[in-house]
Amino acid sequence: MKEAKRSTFSGRIGFVLAAAGSAVGLGNLWRFPYLAAKYGGGIFLLIYILLAVTFGFTLMITEIAIGRKTHRSPMEAYGILNKKWKWLGTLSTLVPVIILPYYCVIGGWVIKYAAVMLMGKVQEAAGADYFTSFISQPIEPLIWFFLYATATAVIVFLGVDKGIEKMSRYLMPALLLLTVALTIFVVCQPGALDGVIYYIKPDFSKLNVMTFVAALGQLFFSMSLAMGIMITYGSYLKKDSNITTSTRQIEAFDTVVAFLAGLMIVPAVFVYSGGDESALGQGPSLMFDTLPKVFAGMPFGSAVGAAFFILVLFAALTSSVSVMEAIVAGMTDKFKMERKRAALIVYAYALLIGIFCAFGFSIWKNFTIMDLSILDFLDFISNSVMMPIVGMLTCIFVGFVIKPKAITDEVELNGRFKEKKFYSIMVKWIAPVCIFAILVSSVLNTLGIVTI
């Protein structure tokens, strides 16, 4: 009876849009363009696409199938498949628990910049040290953080069909439309063509081992893998949905948005910097420092900036909702707790820990762990350490404990799984090695030993 009462997506389109919304996040916008430009443009794009249809496909279809097979979030799913591996479900759920508070802090920054642009203050936002000055304040960042966290919680509170699916059906098409419109506007600017060529043209001189490692890492972190999200969303997927087709569509949406983000951002920075390759950074410095300066130098700068940060807000919100949903689903499955109560508890937790993250740039800015701010440390632990470990263990779990047949049988409930032999080899032998490379490179990158 409990399984019959479990919420479900109304259909495959709702699931694909929600899962794509989770995958399309800040990484697509502030890291993918930088990596593509740094590691050979077209050659990086080609490698990324090849990895997406092999490595990424393997991991994503695994998680979705685990979710649909068990109708449970990771907290219970692993234990249902093998009682001795129940602990992996707990470890998997800890990833979104760590990510949610600091992601909401960054989401607050996005709302702030969207508001500034909407008020026509692009020149102000482009000022020297504007971003640093903003996050150094003790109160204002908390207000924006509270607004963002509340918006996330309200959507999760409303449930799978009335909250998450409805949000995705509106925001994802809007996000794609904004991305396409902004990309067209940017590439039509004088001097943008050089940036387009730099972004798309393959530069084989930059092809090396780190090109593959960077593409692997970006793909892994971009597709919401090893966070419990795809298992959770898979648990809401009806048995008559084709998992293979859905996975391909999610990957395609995520990759297209990432590609268009690069086609928008790289030429824009090129125009602003006069073709200076070093001007293209990554992360918060690109989004909150470099790009406002780029918009300030454009015609209709405030309007373009507003459209861009609204786009970013949509991408961030669909991701943070999925992160929160993974935690809430874990609580309802594990403790048989009412959904709304679980959502309120997670919301309160996010507010509490998020305050610490925000204060890490203001009144507690001198407090660091491993020379990292509180936010950056939580990001390091969740993204660079825990996610690769969970991903690697999931491959071992499927490859050698429950066996790949457990997954392929679930996938084949709706049509033939043509790639199942390739899938078995990938999940047992190739994917774990790739994820180990991601783990090592991510840790070394954070420690400053290598640069990605």
# chains A, B, ... in the order shown; residues from 1 in each chain; ligands from 1
>>> residues_around(residues="Phe361 in chain A", least_positions_apart="4", cutoff="10 Å", atoms="only C-alpha atoms", output="list in words")
Thr132, Ser133, Phe134, Ile135, Ser136, Gln137, Pro138, Pro141, Phe356, Cys357, Lys365, Asn366, Phe367, Ser373, Ile374 and Leu375 of chain A
>>> write_last_selection(atoms="C-alpha atoms", output="PDB file, in the first residue's frame")
ATOM      1  CA  THR A 132      33.638  41.406  -2.473  1.00  0.00           C
ATOM      2  CA  SER A 133      32.024  44.368  -0.749  1.00  0.00           C
ATOM      3  CA  PHE A 134      28.585  42.744  -1.018  1.00  0.00           C
ATOM      4  CA  ILE A 135      29.478  39.334   0.443  1.00  0.00           C
ATOM      5  CA  SER A 136      31.563  41.016   3.174  1.00  0.00           C
ATOM      6  CA  GLN A 137      28.429  42.592   4.644  1.00  0.00           C
ATOM      7  CA  PRO A 138      26.939  40.634   7.551  1.00  0.00           C
ATOM      8  CA  PRO A 141      23.609  38.477   1.940  1.00  0.00           C
ATOM      9  CA  PHE A 356      27.464  30.020   8.958  1.00  0.00           C
ATOM     10  CA  CYS A 357      28.405  29.786   5.260  1.00  0.00           C
ATOM     11  CA  LYS A 365      36.159  35.576   7.227  1.00  0.00           C
ATOM     12  CA  ASN A 366      39.313  34.935   9.240  1.00  0.00           C
ATOM     13  CA  PHE A 367      38.056  31.452  10.151  1.00  0.00           C
ATOM     14  CA  SER A 373      36.219  29.501   3.715  1.00  0.00           C
ATOM     15  CA  ILE A 374      33.351  27.575   5.334  1.00  0.00           C
ATOM     16  CA  LEU A 375      31.452  27.524   2.018  1.00  0.00           C
TER      17      LEU A 375
END
>>> residues_around(residues="Pro202 in chain A", least_positions_apart="6", cutoff="6 Å", atoms="only C-alpha atoms", output="list in words")
Gly40, Gly41, Gly42 and Ile43 of chain A
>>> write_last_selection(atoms="C-alpha atoms", output="PDB file, in the first residue's frame")
ATOM      1  CA  GLY A  40      41.283  23.169 -26.806  1.00  0.00           C
ATOM      2  CA  GLY A  41      37.793  24.405 -27.649  1.00  0.00           C
ATOM      3  CA  GLY A  42      36.283  22.017 -30.178  1.00  0.00           C
ATOM      4  CA  ILE A  43      38.433  19.079 -29.101  1.00  0.00           C
TER       5      ILE A  43
END
>>> atom_distance(atom1="CA of Ala23 in chain A", atom2="CA of Val95 in chain A")
15.2 Å
>>> closest_residue(among="A:Ile396, A:Leu81, A:Leu444, A:Ala306", to="Ile430 in chain A", atoms="only C-alpha atoms")
A:Ile396
>>> closest_residue(among="A:Ile66, A:Ala37, A:Leu91, A:Leu17", to="Glu165 in chain A", atoms="only C-alpha atoms")
A:Leu17
>>> residues_around(residues="Val160 in chain A", least_positions_apart="2", cutoff="7 Å", atoms="only C-alpha atoms", output="ChimeraX atom specification")
/A:7-9,162-165
>>> write_last_selection(atoms="N, CA and C atoms", output="short mmCIF file (atom, residue, chain, number, x, y, z; two decimals), in the first residue's frame")
data_model
loop_
_atom_site.label_atom_id
_atom_site.label_comp_id
_atom_site.auth_asym_id
_atom_site.auth_seq_id
_atom_site.Cartn_x
_atom_site.Cartn_y
_atom_site.Cartn_z
N SER A 7 4.35 9.41 -4.51
CA SER A 7 4.16 10.40 -5.57
C SER A 7 4.89 9.96 -6.83
N THR A 8 4.35 10.35 -7.97
CA THR A 8 5.02 10.05 -9.24
C THR A 8 4.93 11.27 -10.15
N PHE A 9 5.85 11.31 -11.11
CA PHE A 9 5.74 12.31 -12.17
C PHE A 9 4.57 11.90 -13.06
N LYS A 162 2.75 18.91 -7.96
CA LYS A 162 2.33 20.31 -7.89
C LYS A 162 3.50 21.28 -7.67
N GLY A 163 4.62 20.77 -7.20
CA GLY A 163 5.78 21.63 -6.95
C GLY A 163 6.88 21.43 -7.97
N ILE A 164 7.59 20.31 -7.86
CA ILE A 164 8.79 20.07 -8.68
C ILE A 164 8.46 19.97 -10.17
N GLU A 165 7.47 19.15 -10.52
CA GLU A 165 7.15 18.96 -11.94
C GLU A 165 6.59 20.24 -12.56
#
>>> closest_residue(among="A:Asn28, A:Thr183, A:Ser319, A:Ser285", to="Ala258 in chain A", atoms="only C-alpha atoms")
A:Asn28
>>> select_by_dssp(residues="range 217-445 of chain A", states="alpha helix (DSSP H)", output="PyMOL selection string")
chain A and resi 217-222+229-234+243-273+284-285+291-296+301-335+339-359+374-379+387-396+404-411+420-425+431-445
>>> closest_residue(among="A:Ala316, A:Val433, A:Ala128, A:Ala252", to="Gly391 in chain A", atoms="only C-alpha atoms")
A:Val433
>>> closest_residue(among="A:Val24, A:Ala126, A:Met426, A:Ile197", to="Lys293 in chain A", atoms="only C-alpha atoms")
A:Ala126
>>> residues_around(residues="Ala348 in chain A", least_positions_apart="2", cutoff="12 Å", atoms="only C-alpha atoms", output="NGL selection string")
:A and (100-101 or 146 or 149-150 or 153 or 324 or 341-346 or 350-355)
